[in-house]
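Shown next, in structure tokens, is the structure this report addresses.
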Amino acid sequence: MLKTTQYIAFLLFSILFLSACESTRSSQREPLLVGPEFVKANDKPAEKRYTHQSDIFLDVAIPVFDPGFPIDNNTGEVDYEELGELDIWPQLRRTEAKRFAIQTKKALEKTKAFGSISNLPDANTTADLFVLGKINHSDSELVELEVTVVDSSGEIWGKKSFEHTVSQFFFRDQMNEDKNPYQPVFNQVADYVYSLATEMSDEERQVIKNTTLMRYAQYYSPQEFSQYLSASIKKKNGQRYYKFDVTGMPAEGDKMMSRIDTLRNQDLLFVDNLQNQFEAFEQETEVPYRTWQEEMLPELARMREARKERNTKVALGVLAGIATAVLAKNSGSTAGEIGTVVGGIATAWSLSDAFQANASLRVHKAVIDEMGQGIDIDLSPTVMEFEDETIELQGTAREQYQQWKAHLREIYALESTPDVDL
């Protein structure tokens, strides 16, 4: 019996010892240097520089990101059970879907390699290039994005995943007060899109430009402009997509094409005005979202410690159960004392638990709940004027954009209908 007891004690001690051990990282010190910095001739500047060798600038659309909600395969609706298991706060994730699209736009603008770069409620718009994003994970510490780049012909340029881990000590440094802890991942996305664009020749860029124009024209007048486009369904890396090819272009000076250009300018005017609404959304959600990031980051470290402690106690509980059985068999001991170990196993925290326990976050919850009710952006009524005619648009950004395009389409239909003498 003594040997058995000693063996069990050794096992328990080993578990406790191993759980207490932590890995250490060695650091290599830089050589001591005083006086003016020694700059090597081939040193690169700290800030990345982008070069653009083409005179043809592609216009880019960045729709609101896919929030990445789990979908029930049977109903096609959000699987709320899995949503809860993944610990996703829906309103927060919808807020992120809009904010991440805005921040991707800002990162891409720094390359100065594109024409207009616009945020849109969805991809139903005119542009040469589309950057489609999806949020796979975001918990204030780890962000994972999936980005697909598609041109106006429907051709998929590329698809890639990106991730970034924020140090749990990021917010301790006052120098980071105005910095976005997720910024590196948006820079990665911008670098990726830029690298794909630089591979395009001027001839390829012009084909994309022509395709953009003809697809827009065909939307307003299928009868007139369908002859210049062909459509097919293709497949790349398991993804089926529509592919459009330009088979010809209208003659220079074509009156109907000139009218299409006028309508397109009005379309783009609405999109330009919409950018102010996206910026206002970002500003309104900045403090609540920043507070969430700052408060949740240390909570994640505590959650990991809680899980680690739980796993240790589970292991101890299993060994204690074995010990109880052995001791009971050999000495008649009961499990009462050792059983308390199992009873002390803690339930690991979730982000939801941490949120409910954090007073600072509760203050900002109302803002995030309101701004994240839908994937779209709520707008005040918008008044648009075109050729001495005024129209008031109402609803969300998507709804108002659809109303404006429908209005432009009506104008084109009226103007393209020949007068008939009665």
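By order of appearance in the structure tokens: chains A, B, ..., then residues from 1 within every chain, and ligands from 1 in the order shown.
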Discussion item. Can you pull out the residues contacting Val246 (chain A)? Cut-off 6 Å, using only C-alpha atoms, and skip same-chain residues under 3 positions away; I want them as number ranges by chain.
Written reply: A: 211, 228-229
Worksheet item: Any idea what the distance is between CA of Asp376 (chain A) and CA of His137 (chain A)?
Response: 20.1 Å
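If only C-alpha atoms are the atoms counted, then among A:Thr95, A:Thr75, A:Gln183, A:Ser116 the closest residue to Val271 (chain A) is A:Ser116.
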Worksheet item: Can you list every residue in region 112-171 of chain A that DSSP puts in strand (DSSP E or B), as a ChimeraX atom specification?
Response: /A:117-120,129-138,142-151,156-165
